[in-house]
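See below for the structure under consideration.
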Amino acid sequence: GINAEYGGLGLSQVVLTLLGTGVTSGWMASSVLAGFAIGGALTMSSTAIASKLLTERRELAQPHGQVAIGILLFQDLAVVPILILLPALAGDSQTLLMDLGYAGIKVVVVMTLLLWVGQRAIRPWFHMVARRRSSELFMINILLVTLGVAWLTELSGLSLALGAFVAGMLISETEYRYQVEEDIKPFRDILLGFFFITVGMRLQLSGMIDLLDEVLVLLVLLVPVKIAVIFFLARRFGYKPNDSMRGALALAQGGEFGFVLLALSSNLGLIPTHLEQATIVAILLSMIIAPFLIMHSEAITRRLIKQDWMRQAVDLHHLLVESMSKSDHILICGYGRSGQALARLLETESIAFFALDMDPERVREAAEAGDPVVFG
């Protein structure tokens, strides 16, 4: 979830970046709607790149990692209203307010039905499937739920991407989320590969030289401007200069949702073809640059922000304390009689624990009792 601090930081980043990139893009395209569409795409950062690299470098628990992940989560949520607004904005300008109002009513009704009904239906449905103890059936069920919700949103006039996002939200609220995440890893990597193949197929390499000026302007918006915005906001929210800069460097790229928004905008005729091409190239270049910025963020920050040795020593001490605190966490594999007895013993000693179990009924009962137990 997103607490108030990260929610405020994420909201501020989305609004300021969308405003800055949108105005510049709108001026380039001579269209406010095109500016909004391209600005929305440039506002997003890559969750796949940033979270993966921060996890591999064991920096997620550090302040700059928390800044980056908090903003990324809010960006993912901000995609929802943008996906809804774009089709409404593409309608007849004479009925724009009516279209926006209709879109707002439609999304409230559809999302309320999906989330309210889905929350009550998804958990017992997964319990029933898990009781069959068939990994194949469990995998097919994941695909059924995801594609089914996506189909329902498409049927109601919203996008498939929004439906897939909602399905992920619903599954994340169940005890099966970790098992689902493990099961879909092969699909995730394959589909991500196909996704980038389709992005590459949209490029028209023959005209890239003519778009060099536009690509450079958009790349400046994606990297230096986004770094400046996030650094400024993180400082305003009370983060240290080095944490603010390293968090900003982690998010200085375009993201996968940016391509989704561009494809939708292009299909709706909101942006001219040459600017769509330039934006795709700029996002791809920023994603190529991103790993180098994240891997060398400490050295870059040290050059840009001069700090004394005492501050660095305090930061190192904080990092060591955070790392050592992880040793208090115990993982219990199996939550049967022995696992529950061990859990009660750990509770009496005030030692944190987390349990896994393959019995869906036992997981459900434990979750109802408030115990930290998940399926897997």
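Just remember, in the structure tokens the first chain shown is A, the second B, etc., residues are 1-based per chain, and ligands are 1-based in the order shown.
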Could you make a table, as a Markdown table, of the residues of region 32-76 of chain A that have an atom within 10 Å of an atom of region 13-26 of chain A, each with its nearest atom pair and distance in Å to one decimal, counting only C-alpha atoms, in chain and number order?
```
| residue | atom | partner | partner_atom | distance |
| --- | --- | --- | --- | --- |
| A:Val32 | CA | A:Gly26 | CA | 5.0 |
| A:Leu33 | CA | A:Gly26 | CA | 7.2 |
| A:Ala34 | CA | A:Gly26 | CA | 5.8 |
| A:Gly35 | CA | A:Gly26 | CA | 3.6 |
| A:Phe36 | CA | A:Gly22 | CA | 5.1 |
| A:Ala37 | CA | A:Gly22 | CA | 7.6 |
| A:Ile38 | CA | A:Ser25 | CA | 6.4 |
| A:Gly39 | CA | A:Gly22 | CA | 4.1 |
| A:Gly40 | CA | A:Leu18 | CA | 5.8 |
| A:Ala41 | CA | A:Leu18 | CA | 8.6 |
| A:Leu42 | CA | A:Thr21 | CA | 7.0 |
| A:Thr43 | CA | A:Leu18 | CA | 5.6 |
| A:Met44 | CA | A:Val14 | CA | 7.9 |
| A:Ile71 | CA | A:Gln13 | CA | 7.4 |
| A:Leu72 | CA | A:Val14 | CA | 9.9 |
| A:Phe74 | CA | A:Val14 | CA | 8.1 |
| A:Gln75 | CA | A:Val14 | CA | 6.7 |
```
Let's have the selection written as a CSV table (one decimal), in the first residue's frame, with N, CA, C and O atoms.
```csv
chain,number,residue,atom,x,y,z
A,32,VAL,N,-3.2,20.8,-27.3
A,32,VAL,CA,-3.3,20.5,-25.8
A,32,VAL,C,-3.5,19.0,-25.6
A,32,VAL,O,-2.9,18.5,-24.6
A,33,LEU,N,-4.4,18.4,-26.3
A,33,LEU,CA,-4.6,17.0,-26.1
A,33,LEU,C,-3.4,16.1,-26.4
A,33,LEU,O,-3.2,15.2,-25.6
A,34,ALA,N,-2.7,16.4,-27.4
A,34,ALA,CA,-1.4,15.7,-27.7
A,34,ALA,C,-0.4,15.9,-26.6
A,34,ALA,O,0.3,14.9,-26.2
A,35,GLY,N,-0.4,17.1,-26.0
A,35,GLY,CA,0.5,17.4,-24.9
A,35,GLY,C,0.1,16.6,-23.7
A,35,GLY,O,1.0,16.0,-23.0
A,36,PHE,N,-1.2,16.4,-23.4
A,36,PHE,CA,-1.6,15.6,-22.3
A,36,PHE,C,-1.2,14.2,-22.5
A,36,PHE,O,-0.8,13.5,-21.6
A,37,ALA,N,-1.5,13.7,-23.7
A,37,ALA,CA,-1.2,12.2,-24.0
A,37,ALA,C,0.3,11.9,-23.9
A,37,ALA,O,0.7,11.0,-23.2
A,38,ILE,N,1.2,12.8,-24.5
A,38,ILE,CA,2.6,12.5,-24.5
A,38,ILE,C,3.1,12.8,-23.1
A,38,ILE,O,4.0,12.1,-22.5
A,39,GLY,N,2.6,13.9,-22.4
A,39,GLY,CA,3.0,14.1,-21.0
A,39,GLY,C,2.7,13.0,-20.1
A,39,GLY,O,3.5,12.7,-19.2
A,40,GLY,N,1.5,12.4,-20.3
A,40,GLY,CA,1.2,11.2,-19.4
A,40,GLY,C,2.2,10.1,-19.6
A,40,GLY,O,2.6,9.4,-18.7
A,41,ALA,N,2.6,9.9,-20.9
A,41,ALA,CA,3.5,8.8,-21.2
A,41,ALA,C,4.9,9.1,-20.6
A,41,ALA,O,5.5,8.2,-20.0
A,42,LEU,N,5.3,10.3,-20.7
A,42,LEU,CA,6.7,10.7,-20.1
A,42,LEU,C,6.7,10.7,-18.6
A,42,LEU,O,7.8,10.6,-18.0
A,43,THR,N,5.5,10.9,-18.0
A,43,THR,CA,5.5,11.0,-16.5
A,43,THR,C,5.8,9.6,-15.9
A,43,THR,O,6.4,9.6,-14.8
A,44,MET,N,5.5,8.5,-16.6
A,44,MET,CA,5.7,7.2,-16.0
A,44,MET,C,7.1,6.8,-16.0
A,44,MET,O,7.9,7.1,-16.9
A,71,ILE,N,6.9,6.3,-5.2
A,71,ILE,CA,6.5,7.1,-6.4
A,71,ILE,C,6.0,6.1,-7.5
A,71,ILE,O,5.0,6.4,-8.2
A,72,LEU,N,6.7,5.0,-7.7
A,72,LEU,CA,6.4,4.0,-8.7
A,72,LEU,C,5.0,3.5,-8.5
A,72,LEU,O,4.2,3.3,-9.5
A,74,PHE,N,2.5,5.0,-7.0
A,74,PHE,CA,1.5,6.0,-7.3
A,74,PHE,C,1.4,6.2,-8.8
A,74,PHE,O,0.3,6.4,-9.3
A,75,GLN,N,2.5,6.1,-9.5
A,75,GLN,CA,2.5,6.2,-11.0
A,75,GLN,C,1.6,5.1,-11.6
A,75,GLN,O,0.8,5.4,-12.5
```
Using only C-alpha atoms, which residues of region 234-264 of chain A come within 8 Å of region 285-299 of chain A, and what is the closest atom pair for each, with the distance in Å to one decimal? Give it as JSON lines, sorted by chain and residue number.
```
{"residue": "A:Arg246", "atom": "CA", "partner": "A:Ser297", "partner_atom": "CA", "distance": 5.6}
{"residue": "A:Leu249", "atom": "CA", "partner": "A:Leu293", "partner_atom": "CA", "distance": 6.0}
{"residue": "A:Ala250", "atom": "CA", "partner": "A:Ile294", "partner_atom": "CA", "distance": 5.3}
{"residue": "A:Leu251", "atom": "CA", "partner": "A:Ala290", "partner_atom": "CA", "distance": 7.9}
{"residue": "A:Ala252", "atom": "CA", "partner": "A:Ala290", "partner_atom": "CA", "distance": 6.7}
{"residue": "A:Gln253", "atom": "CA", "partner": "A:Ser286", "partner_atom": "CA", "distance": 4.8}
{"residue": "A:Gly254", "atom": "CA", "partner": "A:Ser286", "partner_atom": "CA", "distance": 6.2}
{"residue": "A:Gly255", "atom": "CA", "partner": "A:Met287", "partner_atom": "CA", "distance": 7.6}
```
Same residues, all heavy atoms, output as a CSV table (one decimal), in the first residue's frame:
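Saved as part-v4.csv:
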```
chain,number,residue,atom,x,y,z
A,246,ARG,N,19.5,10.2,-5.3
A,246,ARG,CA,19.6,8.7,-5.7
A,246,ARG,C,18.2,8.2,-6.0
A,246,ARG,O,18.0,7.4,-6.9
A,246,ARG,CB,20.2,7.9,-4.6
A,246,ARG,CG,21.7,8.2,-4.4
A,246,ARG,CD,22.4,7.3,-3.4
A,246,ARG,NE,22.5,6.0,-4.0
A,246,ARG,CZ,23.0,4.9,-3.3
A,246,ARG,NH1,23.4,5.0,-2.1
A,246,ARG,NH2,23.1,3.7,-3.9
A,249,LEU,N,17.5,9.6,-9.5
A,249,LEU,CA,18.2,8.9,-10.5
A,249,LEU,C,17.6,7.5,-10.9
A,249,LEU,O,17.6,7.1,-12.0
A,249,LEU,CB,19.7,8.7,-10.1
A,249,LEU,CG,20.6,10.0,-10.1
A,249,LEU,CD1,21.9,9.7,-9.3
A,249,LEU,CD2,20.8,10.5,-11.5
A,250,ALA,N,17.0,6.9,-9.8
A,250,ALA,CA,16.4,5.6,-10.1
A,250,ALA,C,15.1,5.7,-10.9
A,250,ALA,O,14.7,4.7,-11.6
A,250,ALA,CB,16.0,5.0,-8.7
A,251,LEU,N,14.5,6.9,-11.0
A,251,LEU,CA,13.3,7.0,-11.8
A,251,LEU,C,13.4,7.9,-13.0
A,251,LEU,O,12.4,8.2,-13.7
A,251,LEU,CB,12.2,7.7,-10.9
A,251,LEU,CG,11.9,6.9,-9.6
A,251,LEU,CD1,10.9,7.8,-8.7
A,251,LEU,CD2,11.3,5.6,-9.9
A,252,ALA,N,14.7,8.1,-13.4
A,252,ALA,CA,14.9,9.0,-14.6
A,252,ALA,C,14.9,8.2,-15.9
A,252,ALA,O,15.9,8.1,-16.6
A,252,ALA,CB,16.3,9.7,-14.4
A,253,GLN,N,13.7,7.7,-16.2
A,253,GLN,CA,13.5,6.9,-17.4
A,253,GLN,C,12.0,6.8,-17.7
A,253,GLN,O,11.2,7.1,-16.8
A,253,GLN,CB,14.1,5.5,-17.4
A,253,GLN,CG,13.4,4.5,-16.6
A,253,GLN,CD,13.5,4.6,-15.1
A,253,GLN,OE1,12.5,4.4,-14.5
A,253,GLN,NE2,14.7,4.8,-14.6
A,254,GLY,N,11.7,6.5,-19.0
A,254,GLY,CA,10.3,6.2,-19.3
A,254,GLY,C,9.9,4.8,-18.8
A,254,GLY,O,10.8,4.0,-18.5
A,255,GLY,N,8.6,4.4,-18.9
A,255,GLY,CA,8.2,3.1,-18.4
A,255,GLY,C,7.3,2.4,-19.4
A,255,GLY,O,7.0,2.9,-20.5
```
Inset, instruction - Can you pull out every residue within 12 Å of Thr273 (chain A), counting only C-alpha atoms, but drop anything in the same chain fewer than 4 positions away, and send it as a PyMOL selection string? - result: chain A and resi 29+34+38+202-204+207+211+262-263+265-269+277-280
Those same residues, written as a compact mmCIF listing (two decimals), in the first residue's frame with all heavy atoms?
```txt
# COMPACT_ATOMS: atom_id res chain seq x y z
N ALA A 29 3.58 19.80 -30.45
CA ALA A 29 2.53 19.21 -31.31
C ALA A 29 1.47 20.23 -31.70
O ALA A 29 0.59 19.92 -32.51
CB ALA A 29 1.88 18.05 -30.58
N ALA A 34 -2.66 16.42 -27.44
CA ALA A 34 -1.43 15.68 -27.71
C ALA A 34 -0.43 15.89 -26.57
O ALA A 34 0.28 14.95 -26.17
CB ALA A 34 -0.82 16.13 -29.03
N ILE A 38 1.16 12.78 -24.51
CA ILE A 38 2.61 12.54 -24.46
C ILE A 38 3.14 12.80 -23.05
O ILE A 38 3.99 12.05 -22.54
CB ILE A 38 3.33 13.43 -25.49
CG1 ILE A 38 2.91 13.03 -26.90
CG2 ILE A 38 4.85 13.30 -25.34
CD1 ILE A 38 3.43 13.94 -28.00
N ARG A 202 6.66 -0.89 -34.09
CA ARG A 202 5.99 0.38 -34.37
C ARG A 202 6.97 1.44 -34.88
O ARG A 202 6.55 2.47 -35.40
CB ARG A 202 5.29 0.90 -33.11
CG ARG A 202 4.15 0.04 -32.62
CD ARG A 202 3.56 0.59 -31.34
NE ARG A 202 2.79 1.80 -31.59
CZ ARG A 202 1.49 1.83 -31.82
NH1 ARG A 202 0.81 0.70 -31.88
NH2 ARG A 202 0.86 2.96 -32.01
N LEU A 203 8.27 1.19 -34.66
CA LEU A 203 9.27 2.18 -35.07
C LEU A 203 9.48 2.16 -36.58
O LEU A 203 9.50 1.10 -37.20
CB LEU A 203 10.60 1.89 -34.37
CG LEU A 203 10.71 2.29 -32.90
CD1 LEU A 203 12.06 1.85 -32.35
CD2 LEU A 203 10.55 3.79 -32.72
N GLN A 204 9.67 3.33 -37.14
CA GLN A 204 10.01 3.47 -38.56
C GLN A 204 11.42 4.06 -38.63
O GLN A 204 11.61 5.28 -38.59
CB GLN A 204 8.99 4.38 -39.26
CG GLN A 204 7.57 3.84 -39.21
CD GLN A 204 6.55 4.84 -39.70
OE1 GLN A 204 6.90 5.91 -40.20
NE2 GLN A 204 5.27 4.51 -39.56
N GLY A 207 12.96 7.14 -40.83
CA GLY A 207 12.75 8.57 -40.58
C GLY A 207 13.33 9.06 -39.29
O GLY A 207 13.05 10.19 -38.86
N LEU A 211 13.92 13.12 -37.03
CA LEU A 211 13.27 13.37 -35.74
C LEU A 211 14.27 13.62 -34.62
O LEU A 211 13.89 13.64 -33.44
CB LEU A 211 12.38 12.17 -35.36
CG LEU A 211 11.24 11.82 -36.32
CD1 LEU A 211 10.55 10.54 -35.88
CD2 LEU A 211 10.24 12.97 -36.39
N LEU A 262 0.91 5.59 -25.17
CA LEU A 262 1.21 6.06 -26.53
C LEU A 262 0.41 5.27 -27.57
O LEU A 262 -0.13 5.86 -28.52
CB LEU A 262 2.71 5.91 -26.82
CG LEU A 262 3.64 6.98 -26.25
CD1 LEU A 262 5.09 6.63 -26.57
CD2 LEU A 262 3.30 8.35 -26.81
N ALA A 263 0.36 3.94 -27.40
CA ALA A 263 -0.38 3.12 -28.36
C ALA A 263 -1.86 3.48 -28.36
O ALA A 263 -2.48 3.62 -29.43
CB ALA A 263 -0.20 1.63 -28.01
N SER A 265 -3.20 6.38 -27.40
CA SER A 265 -3.33 7.75 -27.94
C SER A 265 -3.22 7.75 -29.45
O SER A 265 -3.95 8.47 -30.14
CB SER A 265 -2.26 8.65 -27.34
OG SER A 265 -2.34 8.68 -25.94
N SER A 266 -2.30 6.93 -29.97
CA SER A 266 -2.14 6.85 -31.43
C SER A 266 -3.38 6.26 -32.09
O SER A 266 -3.84 6.76 -33.12
CB SER A 266 -0.91 6.00 -31.75
OG SER A 266 -0.75 5.84 -33.14
N ASN A 267 -3.93 5.20 -31.49
CA ASN A 267 -5.15 4.58 -32.04
C ASN A 267 -6.33 5.54 -32.02
O ASN A 267 -7.22 5.47 -32.88
CB ASN A 267 -5.49 3.31 -31.26
CG ASN A 267 -4.46 2.21 -31.46
OD1 ASN A 267 -3.76 2.20 -32.47
ND2 ASN A 267 -4.36 1.30 -30.51
N LEU A 268 -6.35 6.43 -31.03
CA LEU A 268 -7.44 7.41 -30.90
C LEU A 268 -7.20 8.65 -31.77
O LEU A 268 -8.06 9.52 -31.84
CB LEU A 268 -7.60 7.83 -29.44
CG LEU A 268 -8.08 6.75 -28.46
CD1 LEU A 268 -7.93 7.23 -27.02
CD2 LEU A 268 -9.52 6.37 -28.75
N GLY A 269 -6.02 8.72 -32.39
CA GLY A 269 -5.70 9.87 -33.24
C GLY A 269 -5.37 11.14 -32.49
O GLY A 269 -5.52 12.25 -33.02
N GLN A 277 6.58 8.48 -32.85
CA GLN A 277 7.86 7.83 -33.13
C GLN A 277 8.97 8.42 -32.27
O GLN A 277 9.78 7.69 -31.68
CB GLN A 277 8.20 7.99 -34.61
CG GLN A 277 7.24 7.29 -35.57
CD GLN A 277 7.41 5.79 -35.52
OE1 GLN A 277 8.50 5.28 -35.66
NE2 GLN A 277 6.32 5.08 -35.30
N ALA A 278 9.02 9.75 -32.19
CA ALA A 278 10.07 10.41 -31.41
C ALA A 278 9.97 10.06 -29.93
O ALA A 278 10.99 9.84 -29.26
CB ALA A 278 9.97 11.93 -31.60
N THR A 279 8.74 9.98 -29.41
CA THR A 279 8.54 9.66 -27.99
C THR A 279 8.95 8.22 -27.70
O THR A 279 9.57 7.94 -26.66
CB THR A 279 7.07 9.88 -27.59
OG1 THR A 279 6.64 11.18 -28.01
CG2 THR A 279 6.89 9.77 -26.09
N ILE A 280 8.62 7.29 -28.59
CA ILE A 280 9.02 5.89 -28.40
C ILE A 280 10.54 5.79 -28.34
O ILE A 280 11.10 5.11 -27.45
CB ILE A 280 8.47 5.00 -29.54
CG1 ILE A 280 6.95 4.86 -29.43
CG2 ILE A 280 9.12 3.61 -29.51
CD1 ILE A 280 6.31 4.13 -30.60
```
Secondary structure check, alpha helix (DSSP H) residues of region 27-260 of chain A, as a short mmCIF file (atom, residue, chain, number, x, y, z; two decimals) with C-alpha atoms, in the first residue's frame:
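And here's selection21.cif as it stands now:
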```cif
data_model
loop_
_atom_site.label_atom_id
_atom_site.label_comp_id
_atom_site.auth_asym_id
_atom_site.auth_seq_id
_atom_site.Cartn_x
_atom_site.Cartn_y
_atom_site.Cartn_z
CA TRP A 27 3.84 23.24 -27.78
CA MET A 28 5.78 20.79 -30.02
CA ALA A 29 2.53 19.21 -31.31
CA VAL A 32 -3.26 20.52 -25.83
CA LEU A 33 -4.65 16.97 -26.13
CA ALA A 34 -1.43 15.68 -27.71
CA GLY A 35 0.51 17.40 -24.91
CA PHE A 36 -1.61 15.63 -22.28
CA ALA A 37 -1.18 12.24 -24.01
CA ILE A 38 2.61 12.54 -24.46
CA GLY A 39 3.04 14.15 -21.02
CA GLY A 40 1.19 11.23 -19.43
CA ALA A 41 3.50 8.77 -21.19
CA LEU A 42 6.66 10.67 -20.14
CA THR A 43 5.49 10.97 -16.52
CA THR A 47 8.76 -0.35 -12.43
CA ALA A 48 10.45 -3.37 -14.05
CA ILE A 49 13.85 -1.69 -14.36
CA ALA A 50 13.92 0.36 -11.14
CA SER A 51 12.49 -2.27 -8.77
CA LYS A 52 14.63 -5.08 -10.24
CA LEU A 53 17.90 -3.16 -10.00
CA LEU A 54 17.14 -1.77 -6.54
CA THR A 55 16.26 -5.28 -5.32
CA GLU A 56 19.43 -6.80 -6.80
CA PRO A 63 15.50 5.78 2.06
CA HIS A 64 16.15 6.41 -1.66
CA GLY A 65 14.72 2.97 -2.48
CA GLN A 66 11.58 3.76 -0.49
CA VAL A 67 11.23 7.09 -2.30
CA ALA A 68 11.50 5.36 -5.68
CA ILE A 69 9.06 2.53 -4.90
CA GLY A 70 6.53 4.89 -3.30
CA ILE A 71 6.48 7.07 -6.41
CA LEU A 72 6.37 4.05 -8.75
CA LEU A 73 3.31 2.66 -6.94
CA PHE A 74 1.49 5.97 -7.29
CA GLN A 75 2.46 6.23 -10.97
CA ASP A 76 0.92 2.79 -11.57
CA LEU A 77 -2.32 3.98 -9.94
CA ALA A 78 -2.24 7.26 -11.91
CA VAL A 79 -2.36 5.25 -15.14
CA VAL A 80 -6.00 4.34 -14.38
CA PRO A 81 -7.53 7.85 -14.70
CA ILE A 82 -5.31 8.63 -17.72
CA LEU A 83 -6.49 5.45 -19.49
CA ILE A 84 -10.07 6.56 -18.82
CA LEU A 85 -9.60 10.21 -19.82
CA LEU A 86 -7.87 9.61 -23.16
CA PRO A 87 -10.88 8.00 -24.96
CA ALA A 88 -13.19 10.69 -23.54
CA LEU A 89 -10.86 13.48 -24.70
CA LEU A 96 -16.46 16.99 -24.39
CA LEU A 97 -17.96 17.77 -20.97
CA MET A 98 -20.75 15.27 -21.54
CA ASP A 99 -18.22 12.62 -22.64
CA LEU A 100 -16.05 13.27 -19.59
CA GLY A 101 -19.06 13.07 -17.28
CA TYR A 102 -20.25 9.86 -18.93
CA ALA A 103 -16.74 8.38 -18.68
CA GLY A 104 -16.55 9.33 -15.00
CA ILE A 105 -19.91 7.73 -14.21
CA LYS A 106 -19.00 4.63 -16.22
CA VAL A 107 -15.66 4.13 -14.49
CA VAL A 108 -17.20 4.60 -11.03
CA VAL A 109 -19.91 2.02 -11.77
CA VAL A 110 -17.60 -0.51 -13.44
CA MET A 111 -14.78 -0.18 -10.90
CA THR A 112 -17.18 -0.33 -7.96
CA LEU A 113 -18.77 -3.50 -9.32
CA LEU A 114 -15.43 -5.10 -10.10
CA LEU A 115 -13.75 -4.19 -6.81
CA TRP A 116 -16.78 -4.69 -4.55
CA VAL A 117 -17.99 -7.92 -6.14
CA GLY A 118 -14.46 -9.05 -6.98
CA GLN A 119 -13.20 -8.63 -3.42
CA ARG A 120 -15.99 -10.89 -2.16
CA ALA A 121 -15.77 -13.44 -4.96
CA ILE A 122 -12.06 -13.78 -5.69
CA ARG A 123 -10.92 -15.19 -2.33
CA PRO A 124 -13.50 -18.02 -2.03
CA TRP A 125 -13.01 -18.78 -5.74
CA PHE A 126 -9.25 -19.18 -5.25
CA HIS A 127 -9.89 -21.29 -2.12
CA MET A 128 -12.08 -23.62 -4.15
CA VAL A 129 -9.49 -23.95 -6.93
CA ALA A 130 -6.59 -24.44 -4.52
CA ARG A 131 -8.45 -27.27 -2.73
CA SER A 135 -0.94 -26.69 -10.20
CA GLU A 136 -2.24 -26.73 -13.80
CA LEU A 137 -5.77 -25.80 -12.72
CA PHE A 138 -4.37 -23.05 -10.46
CA MET A 139 -2.39 -21.60 -13.40
CA ILE A 140 -5.40 -21.75 -15.75
CA ASN A 141 -7.49 -20.02 -13.07
CA ILE A 142 -5.02 -17.11 -12.88
CA LEU A 143 -5.28 -16.62 -16.64
CA LEU A 144 -9.08 -16.95 -16.51
CA VAL A 145 -9.43 -14.25 -13.85
CA THR A 146 -7.00 -11.86 -15.56
CA LEU A 147 -8.43 -12.25 -19.06
CA GLY A 148 -12.00 -12.28 -17.74
CA VAL A 149 -11.67 -8.98 -15.88
CA ALA A 150 -9.84 -7.43 -18.87
CA TRP A 151 -12.66 -8.58 -21.16
CA LEU A 152 -15.28 -7.05 -18.85
CA THR A 153 -13.55 -3.65 -18.85
CA GLU A 154 -13.17 -3.79 -22.65
CA LEU A 155 -16.86 -4.69 -22.94
CA LEU A 160 -7.94 -4.10 -21.64
CA ALA A 161 -4.87 -2.74 -19.82
CA LEU A 162 -7.09 -1.26 -17.10
CA GLY A 163 -8.84 -4.63 -16.64
CA ALA A 164 -5.54 -6.49 -16.30
CA PHE A 165 -4.41 -3.91 -13.73
CA VAL A 166 -7.62 -4.35 -11.70
CA ALA A 167 -7.24 -8.15 -11.83
CA GLY A 168 -3.76 -7.79 -10.36
CA MET A 169 -5.13 -5.57 -7.58
CA LEU A 170 -7.81 -8.14 -6.72
CA ILE A 171 -5.37 -11.07 -6.64
CA SER A 172 -2.88 -9.07 -4.53
CA ARG A 177 -0.52 -13.53 -4.19
CA TYR A 178 3.01 -14.94 -3.66
CA GLN A 179 2.14 -18.26 -5.28
CA VAL A 180 0.54 -16.41 -8.20
CA GLU A 181 3.63 -14.22 -8.57
CA GLU A 182 5.82 -17.33 -8.68
CA ASP A 183 3.57 -19.15 -11.17
CA LYS A 185 7.12 -15.58 -13.80
CA PRO A 186 7.63 -17.53 -17.08
CA PHE A 187 4.61 -15.79 -18.66
CA ARG A 188 5.75 -12.40 -17.37
CA ASP A 189 9.18 -12.66 -18.98
CA ILE A 190 7.82 -14.03 -22.28
CA LEU A 191 5.01 -11.47 -22.54
CA LEU A 192 7.37 -8.64 -21.59
CA GLY A 193 9.59 -9.77 -24.45
CA PHE A 194 6.65 -9.81 -26.86
CA PHE A 195 5.59 -6.39 -25.57
CA PHE A 196 8.95 -4.85 -26.48
CA ILE A 197 8.91 -6.65 -29.83
CA THR A 198 5.59 -4.94 -30.66
CA VAL A 199 7.05 -1.59 -29.52
CA GLY A 200 10.02 -2.13 -31.84
CA MET A 201 7.69 -3.02 -34.72
CA ARG A 202 5.99 0.38 -34.37
CA LEU A 212 16.60 13.90 -33.94
CA ASP A 213 15.66 17.34 -32.55
CA GLU A 214 12.32 16.09 -31.14
CA VAL A 215 13.98 12.99 -29.65
CA LEU A 216 16.62 15.11 -27.87
CA VAL A 217 14.00 17.49 -26.42
CA LEU A 218 11.88 14.57 -25.16
CA LEU A 219 14.98 12.83 -23.75
CA VAL A 220 15.83 15.98 -21.79
CA LYS A 226 12.46 14.35 -14.22
CA ILE A 227 15.55 14.13 -11.98
CA ALA A 228 15.17 17.81 -11.05
CA VAL A 229 11.44 17.49 -10.28
CA ILE A 230 11.81 14.37 -8.10
CA PHE A 231 14.88 15.75 -6.30
CA PHE A 232 13.09 19.03 -5.52
CA LEU A 233 9.96 17.25 -4.27
CA ALA A 234 11.86 14.71 -2.15
CA ARG A 235 13.78 17.57 -0.49
CA ARG A 236 10.46 19.36 0.17
CA PRO A 241 20.00 15.56 -0.37
CA ASN A 242 21.81 12.30 -1.20
CA ASP A 243 18.66 10.18 -0.73
CA SER A 244 16.63 12.61 -2.82
CA MET A 245 19.17 12.54 -5.66
CA ARG A 246 19.58 8.75 -5.67
CA GLY A 247 15.79 8.28 -5.64
CA ALA A 248 15.50 10.71 -8.57
CA LEU A 249 18.24 8.91 -10.54
CA ALA A 250 16.38 5.59 -10.05
CA GLU A 256 6.20 0.28 -19.87
CA PHE A 257 2.92 2.08 -19.18
CA GLY A 258 4.24 4.96 -21.29
CA PHE A 259 4.18 2.68 -24.35
CA VAL A 260 0.64 1.56 -23.46
#
```
Legend entry - Residues within 9 Å of region 333-338 of chain A, only C-alpha atoms, excluding chain neighbours under 4 positions, as a ChimeraX atom specification: /A:342-343,354-359,362-363,366,373
Output the selection as a short mmCIF file (atom, residue, chain, number, x, y, z; two decimals), in the first residue's frame - N, CA, C and O atoms for each residue.
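See out30.cif below for the written result:
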```cif
data_model
loop_
_atom_site.label_atom_id
_atom_site.label_comp_id
_atom_site.auth_asym_id
_atom_site.auth_seq_id
_atom_site.Cartn_x
_atom_site.Cartn_y
_atom_site.Cartn_z
N LEU A 342 5.30 -23.54 17.03
CA LEU A 342 6.49 -22.72 16.91
C LEU A 342 6.12 -21.23 16.84
O LEU A 342 6.77 -20.38 17.45
N ALA A 343 5.03 -20.94 16.10
CA ALA A 343 4.57 -19.55 15.98
C ALA A 343 4.17 -18.98 17.34
O ALA A 343 4.50 -17.83 17.67
N PHE A 354 6.91 -15.22 9.74
CA PHE A 354 6.08 -15.24 8.53
C PHE A 354 5.99 -16.69 8.09
O PHE A 354 7.00 -17.39 8.06
N ALA A 355 4.75 -17.16 7.79
CA ALA A 355 4.58 -18.58 7.52
C ALA A 355 4.03 -18.84 6.13
O ALA A 355 3.26 -18.05 5.58
N LEU A 356 4.45 -19.98 5.54
CA LEU A 356 3.95 -20.47 4.26
C LEU A 356 3.28 -21.83 4.48
O LEU A 356 3.75 -22.63 5.30
N ASP A 357 2.20 -22.08 3.76
CA ASP A 357 1.54 -23.38 3.87
C ASP A 357 0.83 -23.71 2.56
O ASP A 357 0.30 -22.80 1.90
N MET A 358 0.80 -24.99 2.18
CA MET A 358 0.18 -25.42 0.93
C MET A 358 -1.28 -25.81 1.08
O MET A 358 -1.95 -26.15 0.11
N ASP A 359 -1.80 -25.80 2.32
CA ASP A 359 -3.20 -26.17 2.56
C ASP A 359 -4.06 -24.90 2.53
O ASP A 359 -3.95 -24.05 3.43
N ARG A 362 -6.22 -24.22 5.67
CA ARG A 362 -5.43 -23.80 6.83
C ARG A 362 -5.00 -22.34 6.67
O ARG A 362 -5.00 -21.58 7.64
N VAL A 363 -4.63 -21.95 5.44
CA VAL A 363 -4.22 -20.57 5.18
C VAL A 363 -5.39 -19.62 5.43
O VAL A 363 -5.23 -18.55 6.04
N ALA A 366 -6.02 -19.32 9.19
CA ALA A 366 -4.95 -18.55 9.83
C ALA A 366 -5.10 -17.06 9.52
O ALA A 366 -4.90 -16.21 10.39
N VAL A 373 0.16 -15.58 7.49
CA VAL A 373 0.32 -16.84 6.75
C VAL A 373 -0.19 -16.65 5.33
O VAL A 373 -1.26 -16.09 5.13
#
```
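Across the model, the gap from CA of Met208 (chain A) to CA of Val281 (chain A) is 8.5 Å.
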Inset, instruction - Taking the chain letters and numbering used in this document, name the residues of region 119-345 of chain A that DSSP puts in strand (DSSP E), as a VMD selection string. - result: chain A and resid 330 to 333
Export of the given selection (C-alpha atoms) as a tab-separated table (two decimals), in the first residue's frame:
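Okay, out.tsv is ready:
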```
chain	number	residue	atom	x	y	z
A	330	ILE	CA	11.82	-15.98	10.96
A	331	LEU	CA	10.21	-17.93	8.10
A	332	ILE	CA	8.06	-20.94	9.05
A	333	CYS	CA	7.59	-23.47	6.22
```
